[in-house]
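Visitor: Dropping the structure in here first, questions after.
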Amino acid sequence: MSRTPRISGFTLIELLVVIAIIAVLTAILFPVFQSARENARRAACQSNMKQIGVALLQYLQDSDDLYPQEHPACANPAQGVAPAGDYDGSLESPDYGSPFEKIMPYVAVGNVADTASLSQRLFVCPDDNDPNGAALGAACTTTAPSPGITSYLLNAYFLFGLSNASVNQPANTIYVAERSQTFCDVHIHPWLGETYNVALPACVSGNGAVDNLFAPAATRHRGGANYLFADGHVKWEQYEKTTKPDTDQECFGQYQALPGDPHG
């Protein structure tokens, strides 16, 4: 007489061992997946900046090597007082419009006519939870020039008719940085202390240690942030590197576009 084979299930001990193995594997792999996702978001942010950089270089070629200008020309905006300079942060008239808007015709994803869709793609970092400054209130989001408050900030040194030839170290000078979610502006004014969240050097006036005056999102990507430099290249750097002085940029580090700044 044939006997039906007995099918036995897992014992309680065996089930507990399997569950324990799955838990260990999950604990090991979860940080890896998190890291991979963050690397992808950082890469997407760098890609946005790279597109802006390529558009900037094309704009320079068509504009006699002059950076997109927003305010009346000034030899060194960090010195003097308005309208001769921008040392006090005054907004000079006329306003020629946002440099971001001026380079949009050179961007592959669109043109100046579709600024709304561009602001949702090119000017948004995936790691920025409030890229348009909605949490800062309507006064912030409605007064910024097109494309408005975004994930990125322009170095204000470049807004006053600066030429490419005037920048001694274009590969070491920041043109675009990532915006802190507490900062309501589209520009960084290094001479107002907006790039410092530590004790200010003697050459910087104002109080950049106040949270809402500290402009860059200095630690958005693994303790650092992405930066677009004046020569068009993009790289990730730690905050301390960006403010480290050198021979030509003694006061404002990599944000100082002009050599021999009187406050340096």
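Going through the structure tokens in order, the chains are called A, B, and so on, while each chain numbers its residues from 1 and the ligands are numbered from 1 in the order shown.
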With only C-alpha atoms as the counted atoms, please give the residues lying no more than 7 Å from Ala257 of chain A, apart from itself and same-chain residues fewer than 2 positions off, as number ranges by chain.
Guide: A: 157, 167, 173, 255, 259
Visitor: If we count only C-alpha atoms, what is near segment 46-63 of chain A at a cut-off of 9 Å, once residues fewer than 2 positions away on the same chain are taken out, given as number ranges by chain?
Guide: A: 41-44, 65-68, 100, 102-108, 121-125, 152, 163-164, 175-177, 226-236
Visitor: Between A:Val17, A:Ala75, A:Ile149, A:Ala215, which one has atoms that come closest to Asp130 of chain A, using only C-alpha atoms?
Guide: A:Ile149
Visitor: Would you give me, as a ChimeraX atom specification, the residues in segment 16-240 of chain A that DSSP reads as strand (DSSP E or B)?
Guide: /A:66,152-155,163,174-179,187-188,216,221,224-229,234-237
Visitor: Could you tell me how far atom CA of Ser180 of chain A lies from atom CA of Tyr87 of chain A, in Å and to one decimal?
Guide: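 Separating atom CA of Ser180 of chain A from atom CA of Tyr87 of chain A is a distance of 22.1 Å.
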Visitor: List the spatial neighbours of Leu91 of chain A as JSON, numbers by chain - criterion: any atom at most 12 Å away, only C-alpha atoms, same-chain residues fewer than 3 positions off excluded.
Guide: {"A": [70, 71, 72, 77, 81, 82, 83, 84, 85, 86, 87, 88, 94, 95, 96, 156, 159, 160, 187, 189]}
Visitor: Tell me, which residues of segment 174-244 of chain A carry DSSP alpha helix (DSSP H), written as a list of chain:residue names?
Guide: A:Tyr239, A:Glu240, A:Lys241, A:Thr242
Visitor: State, in Å with one decimal place, the distance from atom CA of Cys140 of chain A to atom CA of Asp185 of chain A.
Guide: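 That distance, rounded to one decimal, is 7.5 Å.
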Visitor: Please measure the separation of atom CA of Val198 of chain A and atom CA of Asp248 of chain A, giving the value in Å to one decimal.
Guide: 21.7 Å
Visitor: Write out as a list in words each polymer residue whose atoms come within 12 Å of segment 199-205 of chain A, counting only C-alpha atoms; drop sequence neighbours fewer than 6 positions from it.
Guide: Ala78, Gln79, Tyr87, Asp88, Gly89, His189, Pro190, Trp191, Leu192, Gly193, Phe214, Thr243, Lys244, Pro245, Gln249, Glu250, Cys251, Phe252, Gly253, Gln256, Asp261, Pro262, His263 and Gly264 of chain A
